[in-house]
Structure formats: structure tokens, C-alpha cells
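> Just passing along the structure, written as C-alpha cells.
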Amino acid sequence: MSNRNGERDKMTRHYWMGGNRSYEEDRFFEESLDKSLWQQAETSEQWHACWYTGMPDPEFFSQVGPERKINHIPGNNALTVKSRLYRSLMDLRERVERQEEGGGHLTDRLAFVPGVFSMPEDYHDFQQAALENPGKRWILKPKNAARGKGIQLVGDPADVPMESSWMVQEYLENPHTMHGRKYVLRLYVLVSSVSPFRVYLYRQGFAKLASAPYDQKNADNPYSYLTNPDVNALNLEADVPVEFVDFERYRAWLREQGHDDEALFAKIEDMVALTCLAALEPMRERSRVVGADTRGCYELMGIDCLVDDSLKPWILECNLSPSLGVCAGPESGGDIEESIKGALIADMVEMLGLNRPAGADSADSTAERLIRETRAEIANSGGFRNLIPGSDPTAYLPFMALPRLPDWVVARALSDRPVKQPRLERWMSEETFSEDQVYVYDTRLGHLSSLNETASLIWLMATEGAGPDDIASTLVDSAFKSMPVAPDAWAIRNDVWNTLADWVNNRFLVQSENCPAERVTLESVQPPFPERPPGCRWCWPAVAFGPDSLPTVQRWSIGLKLCCSRWRFPTRREKTRCPGSKLSGIRRALR
Amino acid sequence: MVHPRLPLSAVAPALARCLATQAAKHDDIAIDAGLVAGPDQAGAMFMVSHSEPILRDALTLSLATHWRADYGRGALLKASVDDHVEGLGLPLQAPDQEGMFLPAMAGMTGNTAQVLAVLVPTKAPLEDKSGVQAMTVNEVLRHLVANCCSEDGRPLDTGGFTRLADWLEGCERYLVDMNNPEAAAAALSGRCSQRAPQKASGSR
């Protein structure tokens, strides 16, 4: 908020803590706020920072923004509901598998979640799977409960309930054990921003140990196969029913055992990044539906990860509003637990900038602001390790349905090598043309949609191999010729990236691993790109695309008969004369 | 299972829909649409889109009444027979009588014939007083494709979609004003007997 002189208000801001949890668990947030800047709000409406345990009603999100932040992101249930976590990861895997045309190194990285059967729709599939694998064990879980409530091994598959509140998960039989006991790693993961997508993993966390030995004798003993502290606290026979080992000690122990802890945690980081990516589009979509400005949303999750006896990590579940209470006794890791959870929240508050006075408006462009904010956040990340954009900002772009413009701009700026624009190809779609329009047929749902003129152009260019910025460039060029004032290039560019991403989400298109070979050939015969028209204030090609993209823009303009903002589609006869692709026609035009 | 937990009155429509969409084998295309025999051309018929649920079989039955022609529901565009469709002979829903079905006529069941025109009924009045207006392939596709299925009731794949579009290019295609069914019946009868070339053709 600015006053009349354009200066930021330095008045005290208000925080509010809501939801369903004791002060004991929420106190770290309050303690982390700078008392000279913050005081508790008197009502649930007047806050600048809300710390809410559990998920608030959608109305909470209508007022969030850069200066009103809440610790949740709409659509987080794509991860935090157990059955949806599996579905989200399978959707991601299916898309990536298609991108790689049947599977490959990217797809292989997504094999870290045990199979899930969600009731009632997967009941018959589960019965079939149980029949085909008689020796296999399964675990029954409520879809949306916490603290180990209701979890049990399946005795007889025929007894599995069909109610929609249940799911069955493949049981991982061969966990790595610590001192003979099964353990699960509790990872603290922060999604600090949806657009651009930024994900962090806290360097500290805990191995949560079961309280009974993991052996044949205890095969059906829940204190042996469950690691939830709330369950194990009830084990009266154990000397130490709840034991937490922090990551520093856990990793030291791994090294003592001759294991490569660096390699394990590298796999864990990759698994966490990919898990969060699986929820990116559901988060975007749900935020759009509830009207949330995601600049005011972040999410701290507790991810449970099992390590098997080959030191492969598996994701078991993602917990919303992870417990911040101290579970273990002082001698069993409780003191360290308290210090780690306190530091976790303090580092998060610092990184999100809640304790910094609101900054003055700058004259930066949108792209410059996004890059500056990302760099500043990473620089202030304390005990958090940045995974996305991460040390190689291009590494996770192929896992996004399509990077949105902010992701693309940030990745280009932070990458130390040139970044190629993503290309797209048809997936579950087929198009048909009329004189001035493209119709897209959805082969998955059997629907036919008509695209407007601009969307038709975007579709045609994208399916012929043009990158999103190439397409945007053509549209901006066109707008320059037809509009009396300079068009908002960023807005056009953003719309193109979003339109294409929406089509990928609908499975009309998919990122293509292979750039068209013809394109490369064509570039070698390109004449120099002509001078831009005088008075042209648009400077993307130099700034954002790099010089290589300029001929591409021109080539596509020719391909679509673009002339003074009017263009037309190839007729059926023209298409017939140029079998396979309009590119061959374009090549003739250039010659 | 066709559909769970249906009220009794909804069983027959669901069953008819199921039979109409599950009829395709291999590369056939099943089309849930009305069929009515042409007024004076033996072996030719008209297909009526079911895209407007409220209109359902009203146009099919209206044309059948005007032309005293056979009618039925459900068509199979067979992969093995070029440009001809086979009538499935499913019952039609009687207009304004919820749950009442009229059996298809024998002449429309299991017979293979050429489709003269695909018709899309509309309640919106047309400017053309003849009660019919030519449509492009793409316009008709928008109405028809949602009622087309390949084997096991699956939506058409790209090959099926292309084949359907190509087939539509060989048919005449009309939007039909349901406010003026007499004029439309007369116009269709005249136009299709002349077999005039389609003017407003869409291209693929």
C-alpha cells in the first residue's frame, strides 16, 4: 500500500492464526514475526499474514495478494489427499511418457510412488491385482486422515471397504531399517511461489522410527510397520516409543554404515521437486477458480518418504499443515525437534520477507521484477535448499505441462547456458479448418471446439513447430501494424504461453522432445532478417529471444500469409500440394 | 453395467443410447442420430443430428410423417462399405411424451443406404423461408461428433474423426428450422432430388 507521496506505509501489520490447532503448535510462526512490525489481528478479516492450520474456506483466498499472505495454495489437495497424490503423479508420468514417446530417462525418474487403488472406482482393479499377486501385502488408509488414524494392513482383500473415504496402497515390504527398526523420513517442503514456480526443501528434518523391530515375528504388529508418532506413543512395551533422529545424525549414521548419503538426498530432492510439479497445474487452476492472487500464497508441507533397502526413496504422503508440536521426549530427539521446527518456521518467515518492510514500487519491468524477486528469495533461503528453479533452472521445464512465461523468463535469466524454447506437438487432438478458423477435436472426450482467429493462429503455428515466443512475436508484429499505440508485449506474450499451457492441460498438445528437423535445414537458407520498421519500440527479439529467433518470426509470418494483420489459412488444395507440412511451402516461398 | 442408479423412467433412454453408441466394431463409426428414408429415392436416406436434446427425434418423425417414409434411430458408418450407412433400427423417442418410444420401422433396420443429407434441427428461426440453410462440414461436425463413437463406445480417434469429416464432405448438410417443418420438408425433398452441389463446403 502506498500513501499519497508514493511512499510505502510503515505502519504495523497484522497477523492472524486460524484453523484447528493448539497454540503450542502455532507458536513458532508468531515467535518468528518481528514484533516491531507485527501485531495480532483482532478479527479474521483484517490481516496481512494469515497462518491457518488445515485448509481455510475458498473465500479466504479472494483477498490475498503480494501484501496479504496466507500459508496455503488453492489446489494443494492434489498432493495432500493421499489418493489424489498418486493420481497427480500418474498424470504427470503419463504426460512425460508421451513426451518421450514411450518412456525414457525422464519417465524413469517418476517411479517413486507405490501403487494406489482409490475406492470405490478402483475396487475391481484392486481385487484383480490382489488375485494376481497372492503373496503381496497391501495397506488400507483413509484418504484424508492424519496421524496414522485408521491405517492397517489388509488381511483379506475381500474385506476392503468400498466407501469413497478409503484407499489401498501397495505395501513396501523391504524398508531400510535403522537399529533394526523401520523409519520414515519427514521432509519439510515449501512452495513459496506458484508463478514462477519455486520449491524448496529444508535441509533438516527427521527420521521417525517405529517402536518395535521390523522382523517376521512382528509382521502384523502396527508398532513395527507404522512410524507415526501418534500411533507409536501408545506402545507401552517400548522403552522409547517415539524417537526422532534429525537429518544431521541420520546422514552421519548412513555414512558410518558405508552408504552414500549425498546420493540418497540427491534422489530425495529430485523426488520432492517432481512431486510438487505434479500439483502445479491443479494449483493454478484451483487458484483461478477461487480468484486467488497466488502472489499471496505459499505452502509448507510435510512429506513422508520411505527409504527401501536399496536406498531408493519412495513418497508415501504429503501432509498439509505438518505438525509443529514436539512429539519426542527430550532424550529421544525432542530438544532437537523443537529447535529444528522453530528454525524451519523462522527461516521460512525470513525467506518470504514477512519481516521486511514492504518495499517501494520499482520501475522494473515485469520480467526484471520476477528475476529480482527470485534471486532475492534464494539469497535469503537460510536452511532451505532451492530445488526449483534450482541449480539448473532448465532441468524441470520438461516436467511442466508447459512452463508459463514467468517460469521461462526466470529459467533463462538464471541459467548459465542458452535455453531453447519448448516446442509442442499434437497429443489427443486433430484439427480441421474452415476459411478463417481452426476447429480442434478432442480425441479423448470426443468434443469439437472452435478457436477464435487469434487462437487459430497460435494453434497453427504451435503445431508446425513454432515456439511460444515466436508465436507471440508474430502477434505483436501484427498488432504493431494495426494498432495506433504500441501493444502490451508482455501481456500478449503471457497470453500465448497461457493459451498453449491450457491446451497441454487439456491434452491437445504436449511438449515435444524433438525439434523439427526441417526447421534446422530451413535456418541454413535464411536470408538476413530485414530491418524492423522505424519507430518500432518492441525489443523482445534482442532481449528475450536472442538473435537466433528473428528469422524464425519472419518465416512463420510468411507461412501464415500474414500481411498487415490479416492472414489466412492454407486451403485444402494448398495443404494437399504440400504434403506433411506447410514448411515445405514456406521453403519454396523463401526461395 | 449401462449406468448405475437410474430411475425407472430413465432406463429405456439410457439403454437406447448405449445400444446406439456401442454398435461399432473395428473401424466402424456408430452415430446416435435419427434416420429417415428419402421421399422418392429408394435406397437413400437422411440423417438427423441428436445434438439438441430437447428436439431429439422430432425432426425425424416430422419428415417421416410428411414423406410417409420409414424411420429409425442409430447408424453405423461401416469401415468396409464406402459412404453408405447401416440403420441400427433402434426406437425413437416420441416428441412431448417423456419415456414413450416408437419402434423403428422395418425398412430402416439392418439396411445399408447412402445418406443424401445430414440435418441439424434448430429452434432458432432461420432467415431463409425455405426452412433450410446449408452448413459447412465443420459446423455439422460440431453437432454430430459428440454422438459418434468407435468400438466399445470410445470417442473417435484421429483416424475416425478424419473419416467422419471426409464422409460429411460427400453429403449435403442443412440446418433445419423446426418452426417451419412443412417448408423444410418440401425444400429438402426438392434439393435432394436435384442433388445440387454443396456451395458452403468446409475444407479440411
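Naming scheme: A, B, ... for chains in displayed order of the C-alpha cells; residues 1 onward per chain; ligands 1 onward as shown.
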Would you kindly return, as number ranges by chain, each protein, DNA or RNA residue with an atom no farther than 7 Å from any atom of B:Met45, considering only C-alpha atoms and excluding same-chain residues fewer than 6 positions away?

B: 35-38, 113-116

> How about saving the chosen residues, N, CA and C atoms kept, as a PDB file, in the first residue's frame?


```
ATOM      1  N   LEU B  35     -32.672 -41.497 -38.458  1.00  0.00           N
ATOM      2  CA  LEU B  35     -32.583 -41.787 -39.889  1.00  0.00           C
ATOM      3  C   LEU B  35     -34.006 -41.785 -40.451  1.00  0.00           C
ATOM      4  N   VAL B  36     -34.153 -41.172 -41.592  1.00  0.00           N
ATOM      5  CA  VAL B  36     -35.450 -41.197 -42.247  1.00  0.00           C
ATOM      6  C   VAL B  36     -35.217 -41.437 -43.743  1.00  0.00           C
ATOM      7  N   ALA B  37     -36.041 -42.295 -44.322  1.00  0.00           N
ATOM      8  CA  ALA B  37     -35.859 -42.624 -45.738  1.00  0.00           C
ATOM      9  C   ALA B  37     -36.233 -41.406 -46.595  1.00  0.00           C
ATOM     10  N   GLY B  38     -35.588 -41.262 -47.742  1.00  0.00           N
ATOM     11  CA  GLY B  38     -35.873 -40.144 -48.638  1.00  0.00           C
ATOM     12  C   GLY B  38     -37.274 -40.256 -49.201  1.00  0.00           C
ATOM     13  N   ALA B 113     -27.603 -47.907 -46.853  1.00  0.00           N
ATOM     14  CA  ALA B 113     -28.037 -46.936 -47.863  1.00  0.00           C
ATOM     15  C   ALA B 113     -27.122 -45.719 -47.851  1.00  0.00           C
ATOM     16  N   GLN B 114     -27.209 -44.954 -48.915  1.00  0.00           N
ATOM     17  CA  GLN B 114     -26.454 -43.710 -48.991  1.00  0.00           C
ATOM     18  C   GLN B 114     -27.210 -42.622 -48.222  1.00  0.00           C
ATOM     19  N   VAL B 115     -26.489 -41.759 -47.532  1.00  0.00           N
ATOM     20  CA  VAL B 115     -27.123 -40.638 -46.853  1.00  0.00           C
ATOM     21  C   VAL B 115     -27.098 -39.436 -47.799  1.00  0.00           C
ATOM     22  N   LEU B 116     -28.281 -38.931 -48.120  1.00  0.00           N
ATOM     23  CA  LEU B 116     -28.368 -37.780 -49.022  1.00  0.00           C
ATOM     24  C   LEU B 116     -27.935 -36.503 -48.319  1.00  0.00           C
TER      25      LEU B 116
END
```

> Each residue of chain A lying at most 7 Å from chain B should get a row with its shortest atom-to-atom pair and the distance in Å to one decimal, counting only C-alpha atoms; could you produce that, ordered by chain and increasing number, as CSV?


```
residue,atom,partner,partner_atom,distance
A:Ser429,CA,B:Thr158,CA,7.0
A:Glu430,CA,B:Thr158,CA,5.7
A:Thr432,CA,B:Arg204,CA,5.1
A:Phe433,CA,B:Arg204,CA,5.2
A:Ser434,CA,B:Gly202,CA,5.3
A:Thr443,CA,B:Asp157,CA,5.1
A:Arg444,CA,B:Pro155,CA,6.4
A:Leu445,CA,B:Pro155,CA,6.1
A:Gly446,CA,B:Pro155,CA,4.7
A:His447,CA,B:Ala146,CA,5.7
A:Leu448,CA,B:Arg142,CA,5.5
A:Arg572,CA,B:Arg204,CA,5.7
```

> For the residues in the current selection, export C-alpha atoms as a tab-separated table (two decimals), in the first residue's frame.


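Output file selection_20.tsv follows:
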```
chain	number	residue	atom	x	y	z
A	429	SER	CA	-6.33	-33.87	-30.84
A	430	GLU	CA	-6.96	-33.41	-34.50
A	432	THR	CA	-9.90	-29.15	-39.09
A	433	PHE	CA	-10.00	-25.81	-40.89
A	434	SER	CA	-12.61	-23.50	-42.29
A	443	THR	CA	-9.97	-37.42	-29.27
A	444	ARG	CA	-10.14	-38.20	-25.56
A	445	LEU	CA	-13.57	-36.72	-24.91
A	446	GLY	CA	-14.99	-36.59	-28.42
A	447	HIS	CA	-15.61	-32.83	-28.35
A	448	LEU	CA	-15.03	-30.35	-31.13
A	572	ARG	CA	-7.33	-27.79	-48.64
```

> Between B:Ile29, B:Leu55, B:Ala44, B:Val85, single out the one closest to B:Asp70, counting only C-alpha atoms.

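The answer is B:Ala44, which sits nearest to B:Asp70.
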
> Quick check, in Å to one decimal: how far apart do atom CA of A:His259 and atom CA of A:Leu185 lie?

16.2 Å

> What does the distance between atom CA of A:Gly18 and atom CA of A:Phe384 come to in Å, to one decimal place?

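Computed distance, atom CA of A:Gly18 to atom CA of A:Phe384, equals 25.2 Å.
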
> Quick one: distance from atom CA of B:Ala124 to atom CA of B:Gly99 in Å, one decimal?

25.4 Å

> Residues within 12 Å of A:Leu509, please, as a PyMOL selection string. Count only C-alpha atoms; anything in the same chain fewer than 6 positions from it doesn't count.

chain A and resi 95+98-99+401-402+422-431+440-443+459-460+462-465+499-503

> Selected residues, C-alpha atoms, written as an mmCIF file, in the first residue's frame, please.


```
data_model
loop_
_atom_site.group_PDB
_atom_site.id
_atom_site.type_symbol
_atom_site.label_atom_id
_atom_site.label_comp_id
_atom_site.auth_asym_id
_atom_site.auth_seq_id
_atom_site.Cartn_x
_atom_site.Cartn_y
_atom_site.Cartn_z
ATOM 1 C CA ARG A 95 2.347 -36.888 -19.999
ATOM 2 C CA ARG A 98 4.138 -39.372 -24.088
ATOM 3 C CA GLN A 99 6.687 -36.574 -24.407
ATOM 4 C CA ALA A 401 2.802 -29.078 -18.761
ATOM 5 C CA LEU A 402 4.346 -26.065 -20.413
ATOM 6 C CA PRO A 422 9.811 -25.515 -25.778
ATOM 7 C CA ARG A 423 8.132 -26.952 -28.865
ATOM 8 C CA LEU A 424 4.769 -28.632 -28.962
ATOM 9 C CA GLU A 425 3.101 -31.358 -30.913
ATOM 10 C CA ARG A 426 -0.409 -32.763 -31.087
ATOM 11 C CA TRP A 427 -1.371 -35.294 -28.459
ATOM 12 C CA MET A 428 -5.041 -36.220 -28.199
ATOM 13 C CA SER A 429 -6.333 -33.871 -30.839
ATOM 14 C CA GLU A 430 -6.964 -33.410 -34.503
ATOM 15 C CA GLU A 431 -7.739 -30.128 -36.199
ATOM 16 C CA VAL A 440 -9.902 -28.724 -32.556
ATOM 17 C CA TYR A 441 -11.256 -32.195 -31.994
ATOM 18 C CA ASP A 442 -10.560 -33.739 -28.592
ATOM 19 C CA THR A 443 -9.971 -37.423 -29.267
ATOM 20 C CA TRP A 459 -2.637 -23.333 -32.804
ATOM 21 C CA LEU A 460 -1.392 -23.489 -36.354
ATOM 22 C CA ALA A 462 2.466 -24.233 -32.477
ATOM 23 C CA THR A 463 1.555 -27.437 -34.290
ATOM 24 C CA GLU A 464 4.008 -26.565 -37.039
ATOM 25 C CA GLY A 465 6.815 -26.293 -34.512
ATOM 26 C CA THR A 499 -3.118 -20.480 -24.053
ATOM 27 C CA LEU A 500 -0.630 -23.125 -25.071
ATOM 28 C CA ALA A 501 -0.333 -24.395 -21.498
ATOM 29 C CA ASP A 502 -4.116 -24.707 -21.283
ATOM 30 C CA TRP A 503 -4.076 -26.831 -24.417
#
```

> Quick one: everything within 8 Å of stretch 364-366 of chain A, counting only C-alpha atoms, minus sequence neighbours fewer than 3 positions away in the same chain. Send it as a compact mmCIF listing (two decimals) with N, CA and C atoms, in the first residue's frame.


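And here's part-v4.txt as it stands now:
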```txt
# COMPACT_ATOMS: atom_id res chain seq x y z
N ARG A 369 11.34 -7.71 -12.51
CA ARG A 369 10.87 -7.89 -11.14
C ARG A 369 10.87 -9.37 -10.73
N LEU A 370 10.37 -10.23 -11.64
CA LEU A 370 10.32 -11.66 -11.32
C LEU A 370 11.71 -12.23 -11.07
N TRP A 490 4.26 -7.75 -23.14
CA TRP A 490 4.29 -8.77 -22.07
C TRP A 490 2.94 -9.46 -21.97
```

> I need the residue nearest A:Ser83 from this list: A:Leu316, A:Met301, A:Met17, A:Trp253. Use only C-alpha atoms for the distance.

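Nearest to A:Ser83: A:Leu316.
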
> Of the candidates A:Phe265, A:Phe29, A:Trp51, A:Trp408, which one gets nearest to A:Gln421 if we count only C-alpha atoms?

A:Trp408

> Write out as an mmCIF file with C-alpha atoms, in the first residue's frame each polymer residue whose atoms come within 9 Å of B:Asn179, counting only C-alpha atoms; drop sequence neighbours fewer than 5 positions from it.


```cif
data_model
loop_
_atom_site.group_PDB
_atom_site.id
_atom_site.type_symbol
_atom_site.label_atom_id
_atom_site.label_comp_id
_atom_site.auth_asym_id
_atom_site.auth_seq_id
_atom_site.Cartn_x
_atom_site.Cartn_y
_atom_site.Cartn_z
ATOM 1 C CA THR B 122 -32.740 -25.789 -34.657
ATOM 2 C CA LYS B 123 -35.437 -23.943 -32.758
ATOM 3 C CA ALA B 124 -33.982 -20.600 -33.777
ATOM 4 C CA PRO B 125 -35.898 -19.197 -36.765
ATOM 5 C CA LEU B 126 -33.888 -19.098 -39.992
ATOM 6 C CA GLY B 131 -36.681 -23.558 -43.653
#
```

> Considering only C-alpha atoms, return as a list in words whatever protein or nucleic-acid residues lie within 8 Å of A:Ser62, sequence-local ones (same chain, fewer than 5 positions apart) excluded.

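My list of contacting residues is Val290, Gly291, Ala292 and Asp293 of chain A.
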
> Any chance you could export the current selection's C-alpha atoms as a PDB file, in the first residue's frame?


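See result_16.pdb below for the written result:
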```
ATOM      1  CA  VAL A 290     -11.428 -19.278  -6.345  1.00  0.00           C
ATOM      2  CA  GLY A 291      -9.986 -15.974  -7.553  1.00  0.00           C
ATOM      3  CA  ALA A 292      -6.742 -16.201  -5.602  1.00  0.00           C
ATOM      4  CA  ASP A 293      -3.795 -13.997  -6.496  1.00  0.00           C
TER       5      ASP A 293
END
```

> Show which residues sit within 7 Å of B:Ala75, as a count of residues only. Count only C-alpha atoms, and ignore same-chain residues fewer than 4 positions away.

8

> Closest to B:Asp96 among B:Arg68, B:Arg56, B:Thr112, B:Ser130, using only C-alpha atoms?

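Looking at the shortest contact to B:Asp96, the residue is B:Arg56.
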
> Quick one: pick out all strand (DSSP E) residues within stretch 32-168 of chain B from a backbone DSSP run and write them as a PyMOL selection string.

chain B and resi 32-37+44-48+71-77+84-90+92-93+101-102+112-122+132-134+148-149

> Among stretch 34-203 of chain B, which residues carry a DSSP assignment of alpha helix (DSSP H), reported as number ranges by chain?

B: 58-67, 137-144, 158-169, 181-194

> Kindly indicate which residue among B:Ala94, B:Ala69, B:Lys25, B:Leu6 lies nearest to B:Phe46, using only C-alpha atoms for the distances.

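Nearest candidate to B:Phe46 out of B:Ala94, B:Ala69, B:Lys25, B:Leu6: B:Ala69.
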